[in-house]
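*Asks:* The structure under discussion is supplied below as structure tokens; questions concerning it will follow.
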Amino acid sequence: MSTSKIKSVVEEMVAPFLDSNGFELVDIEYVKEGSHYFLRVFVDKEGGIDIDECGRISEYLSEQLDKNDPVSDNYFLEVSSPGAERPLKKPEDVRKAVGKHVYITTYEPIDGFKEFEGQLLAFDGEQLQVKAGKKEHTLPYAKVASARLAIVF
């Protein structure tokens with residue numbers, strides 16, 4: 001089964017549990033590191049998620065995976081918070097990040113740069129307004145390669 005299919009099947013399995021318990025699915029990864037495969041599920045909720053909640057989700061998902069067995073390889077299941085520098089994968093994630101400090105990379109240079117770190121001023125679904133340093137940049141969402149929250153030190 002392809003990585004994208006595995007991610008899709010796992011999302012279908014875990015989404016009802018997450019929705020009914022107030023959690024948000026942030027991302028799913030299925031990767032090979034060395035000789036081992038890892039199925040990583042990143043989950044969050046308003047105010048953050050704790051280790052006990054990750055454990056509950058892991059137990060539920062493990063039971064579902066055992067019943068349905070969508071992954072033929074042996075793998076390690078990890079359920080965790082996306083961390084302080086949470087990735088902004090979906091447009092809704094970007095909308096929620098307006099007013100926060102972000103780090104964004106683009107597929108091609110915009111205003112001479114491919115990396116932007118600063119305050120996300122606005123997002124209308126098509127373009128992001130980012131204040132990096134003293135300059136404001138307008139970034140087409142279609143040209144954003146990656147985006148995440150960033151910690152200011």
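Identifiers in this document derive from the order of the structure tokens: chains are assigned A, B, ..., residues are numbered from 1 separately in each chain, and ligands are numbered from 1 in order of occurrence.
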So which residues touch A:Lys67 within 12 Å, counting only C-alpha atoms, skipping near sequence neighbours fewer than 6 positions away, as a count of residues only?
*Replies:* 3
*Asks:* Distance table requested - stretch 65-85 of chain A against stretch 28-40 of chain A, cut-off 7 Å, only C-alpha atoms: one row per qualifying residue with the closest atom pair and its distance in Å to one decimal, ordered by chain and rising residue number, as a tab-separated table.
*Replies:*
residue	atom	partner	partner_atom	distance
A:Asn74	CA	A:Tyr37	CA	6.8
A:Tyr75	CA	A:Tyr37	CA	4.6
A:Phe76	CA	A:Phe38	CA	4.8
A:Leu77	CA	A:Leu39	CA	4.9
A:Glu78	CA	A:Arg40	CA	4.7
A:Val79	CA	A:Arg40	CA	5.9
*Asks:* For stretch 83-87 of chain A, work out the shell of residues within 8 Å, counting only C-alpha atoms and skipping chain neighbours fewer than 5 positions away, then give it as a ChimeraX atom specification.
*Replies:* /A:26,146-151
*Asks:* Pull N, CA, C and O atoms from the residues just selected and write them as a JSON list (two decimals), in the first residue's frame.
*Replies:*
[["chain", "number", "residue", "atom", "x", "y", "z"],
["A", 26, "VAL", "N", -3.39, 16.91, 13.16],
["A", 26, "VAL", "CA", -2.49, 17.89, 12.54],
["A", 26, "VAL", "C", -1.79, 17.27, 11.33],
["A", 26, "VAL", "O", -1.73, 17.87, 10.27],
["A", 146, "SER", "N", 6.37, 25.39, 2.59],
["A", 146, "SER", "CA", 6.11, 24.93, 3.95],
["A", 146, "SER", "C", 5.86, 26.13, 4.84],
["A", 146, "SER", "O", 6.35, 27.24, 4.58],
["A", 147, "ALA", "N", 5.11, 25.90, 5.91],
["A", 147, "ALA", "CA", 4.82, 26.95, 6.88],
["A", 147, "ALA", "C", 4.68, 26.30, 8.24],
["A", 147, "ALA", "O", 4.18, 25.18, 8.36],
["A", 148, "ARG", "N", 5.17, 27.01, 9.24],
["A", 148, "ARG", "CA", 5.06, 26.51, 10.62],
["A", 148, "ARG", "C", 5.08, 27.68, 11.58],
["A", 148, "ARG", "O", 5.51, 28.78, 11.22],
["A", 149, "LEU", "N", 4.58, 27.44, 12.78],
["A", 149, "LEU", "CA", 4.73, 28.42, 13.83],
["A", 149, "LEU", "C", 6.20, 28.50, 14.18],
["A", 149, "LEU", "O", 6.94, 27.50, 14.02],
["A", 150, "ALA", "N", 6.66, 29.63, 14.64],
["A", 150, "ALA", "CA", 8.07, 29.78, 15.00],
["A", 150, "ALA", "C", 8.17, 30.40, 16.40],
["A", 150, "ALA", "O", 7.35, 31.24, 16.77],
["A", 151, "ILE", "N", 9.15, 29.97, 17.13],
["A", 151, "ILE", "CA", 9.39, 30.49, 18.48],
["A", 151, "ILE", "C", 10.32, 31.68, 18.37],
["A", 151, "ILE", "O", 11.32, 31.65, 17.66]]
*Asks:* May I have the residues within 12 Å of A:Leu121 as a VMD selection string, using only C-alpha atoms and disregarding those fewer than 2 positions away in the same chain?
*Replies:* chain A and resid 94 to 102 117 to 119 123 to 124 127 to 132 135 to 139
*Asks:* Contacts between stretch 15-25 of chain A and stretch 34-141 of chain A, please, where a residue of stretch 34-141 of chain A counts if it comes within 7 Å (with only C-alpha atoms); show its shortest atom pair and distance in Å to one decimal, rows by chain and ascending number, as CSV.
*Replies:*
residue,atom,partner,partner_atom,distance
A:Phe42,CA,A:Leu25,CA,6.3
A:Val43,CA,A:Leu25,CA,4.8
A:Asp44,CA,A:Glu24,CA,5.2
A:Lys45,CA,A:Phe23,CA,4.8
*Asks:* Take the residues just selected and output them with C-alpha atoms as a short mmCIF file (atom, residue, chain, number, x, y, z; two decimals), in the first residue's frame.
*Replies:*
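Output file selection_18.cif follows:
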data_model
loop_
_atom_site.label_atom_id
_atom_site.label_comp_id
_atom_site.auth_asym_id
_atom_site.auth_seq_id
_atom_site.Cartn_x
_atom_site.Cartn_y
_atom_site.Cartn_z
CA PHE A 42 0.39 14.37 15.35
CA VAL A 43 -2.62 15.56 17.34
CA ASP A 44 -3.50 18.78 19.14
CA LYS A 45 -6.39 20.53 20.86
#
*Asks:* Which parts of chain A does DSSP call strand (DSSP E) when run on the backbone here, written out as a VMD selection string?
*Replies:* chain A and resid 24 to 33 36 to 44 75 to 80 101 to 110 113 to 123 127 to 132 135 to 140 144 to 149
*Asks:* Counting only C-alpha atoms, what is within 10 Å of A:Glu115, bar same-chain residues fewer than 3 positions away, as a list in words?
*Replies:*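 Near neighbours after the sequence-gap exclusion: Tyr103, Ile104, Thr105, Thr106, Tyr107, Glu108, Pro109, Ile110, Gly112, Ala132, Val144, Ala145, Ser146 and Ala147 of chain A.
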*Asks:* Include N, CA, C and O atoms and write out the residues we just selected as a PDB file, in the first residue's frame.
*Replies:*
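File out-v4.pdb, as written:
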ATOM      1  N   TYR A 103       7.281  30.855  10.313  1.00  0.00           N
ATOM      2  CA  TYR A 103       8.415  30.657   9.418  1.00  0.00           C
ATOM      3  C   TYR A 103       7.855  30.016   8.151  1.00  0.00           C
ATOM      4  O   TYR A 103       7.211  28.956   8.227  1.00  0.00           O
ATOM      5  N   ILE A 104       8.090  30.659   7.003  1.00  0.00           N
ATOM      6  CA  ILE A 104       7.513  30.209   5.738  1.00  0.00           C
ATOM      7  C   ILE A 104       8.612  30.093   4.689  1.00  0.00           C
ATOM      8  O   ILE A 104       9.475  30.974   4.591  1.00  0.00           O
ATOM      9  N   THR A 105       8.585  29.002   3.927  1.00  0.00           N
ATOM     10  CA  THR A 105       9.467  28.881   2.770  1.00  0.00           C
ATOM     11  C   THR A 105       8.588  28.825   1.526  1.00  0.00           C
ATOM     12  O   THR A 105       7.450  28.356   1.574  1.00  0.00           O
ATOM     13  N   THR A 106       9.149  29.313   0.412  1.00  0.00           N
ATOM     14  CA  THR A 106       8.403  29.327  -0.846  1.00  0.00           C
ATOM     15  C   THR A 106       9.155  28.515  -1.901  1.00  0.00           C
ATOM     16  O   THR A 106      10.362  28.298  -1.791  1.00  0.00           O
ATOM     17  N   TYR A 107       8.417  28.077  -2.904  1.00  0.00           N
ATOM     18  CA  TYR A 107       9.001  27.290  -3.982  1.00  0.00           C
ATOM     19  C   TYR A 107       9.954  28.106  -4.841  1.00  0.00           C
ATOM     20  O   TYR A 107      10.868  27.562  -5.449  1.00  0.00           O
ATOM     21  N   GLU A 108       9.722  29.403  -4.920  1.00  0.00           N
ATOM     22  CA  GLU A 108      10.558  30.281  -5.733  1.00  0.00           C
ATOM     23  C   GLU A 108      10.687  31.614  -5.014  1.00  0.00           C
ATOM     24  O   GLU A 108       9.867  31.939  -4.145  1.00  0.00           O
ATOM     25  N   PRO A 109      11.723  32.392  -5.326  1.00  0.00           N
ATOM     26  CA  PRO A 109      11.905  33.664  -4.629  1.00  0.00           C
ATOM     27  C   PRO A 109      10.732  34.629  -4.833  1.00  0.00           C
ATOM     28  O   PRO A 109      10.178  34.732  -5.918  1.00  0.00           O
ATOM     29  N   ILE A 110      10.384  35.289  -3.748  1.00  0.00           N
ATOM     30  CA  ILE A 110       9.382  36.362  -3.766  1.00  0.00           C
ATOM     31  C   ILE A 110      10.052  37.552  -3.087  1.00  0.00           C
ATOM     32  O   ILE A 110      10.579  37.408  -1.976  1.00  0.00           O
ATOM     33  N   GLY A 112      12.778  38.553  -3.739  1.00  0.00           N
ATOM     34  CA  GLY A 112      14.183  38.176  -3.608  1.00  0.00           C
ATOM     35  C   GLY A 112      14.482  37.165  -2.515  1.00  0.00           C
ATOM     36  O   GLY A 112      15.639  36.822  -2.279  1.00  0.00           O
ATOM     37  N   ALA A 132       8.170  40.577   7.937  1.00  0.00           N
ATOM     38  CA  ALA A 132       9.474  40.018   8.284  1.00  0.00           C
ATOM     39  C   ALA A 132      10.432  41.191   8.451  1.00  0.00           C
ATOM     40  O   ALA A 132      10.689  41.925   7.497  1.00  0.00           O
ATOM     41  N   VAL A 144       3.664  28.652  -1.438  1.00  0.00           N
ATOM     42  CA  VAL A 144       4.213  28.315  -0.130  1.00  0.00           C
ATOM     43  C   VAL A 144       4.599  26.836  -0.124  1.00  0.00           C
ATOM     44  O   VAL A 144       3.765  25.959  -0.335  1.00  0.00           O
ATOM     45  N   ALA A 145       5.888  26.583   0.097  1.00  0.00           N
ATOM     46  CA  ALA A 145       6.383  25.204   0.169  1.00  0.00           C
ATOM     47  C   ALA A 145       6.120  24.609   1.546  1.00  0.00           C
ATOM     48  O   ALA A 145       5.696  23.462   1.670  1.00  0.00           O
ATOM     49  N   SER A 146       6.372  25.387   2.590  1.00  0.00           N
ATOM     50  CA  SER A 146       6.107  24.928   3.953  1.00  0.00           C
ATOM     51  C   SER A 146       5.862  26.135   4.838  1.00  0.00           C
ATOM     52  O   SER A 146       6.348  27.242   4.579  1.00  0.00           O
ATOM     53  N   ALA A 147       5.109  25.896   5.907  1.00  0.00           N
ATOM     54  CA  ALA A 147       4.821  26.951   6.877  1.00  0.00           C
ATOM     55  C   ALA A 147       4.683  26.297   8.242  1.00  0.00           C
ATOM     56  O   ALA A 147       4.184  25.179   8.363  1.00  0.00           O
TER      57      ALA A 147
END
*Asks:* Using backbone DSSP assignments, extract all alpha helix (DSSP H) residues from stretch 2-139 of chain A; output them as a PyMOL selection string.
*Replies:* chain A and resi 3-20+51-68+91-96
*Asks:* Pick from A:Asp69, A:Glu63, A:Glu46, A:Asp93: nearest to A:Ser81, with only C-alpha atoms counted?
*Replies:*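 Among A:Asp69, A:Glu63, A:Glu46, A:Asp93, it is A:Glu46 that comes nearest to A:Ser81.
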*Asks:* Quick one, how far is atom CA of A:Glu126 from atom CA of A:Val9?
*Replies:* 29.1 Å
*Asks:* Of the residues A:Asp50, A:Glu92, A:Glu59, A:Asp73, which is the one nearest to A:Ile6, using only C-alpha atoms?
*Replies:*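 Between A:Asp50, A:Glu92, A:Glu59, A:Asp73, the residue approaching A:Ile6 most closely is A:Asp73.
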*Asks:* Go through A:Val41, A:Phe153, A:Gly48, A:Lys143 and flag the residue nearest A:Ser62, using only C-alpha atoms for the distances.
*Replies:*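 With only C-alpha atoms as the atom set, the closest residue is A:Val41.
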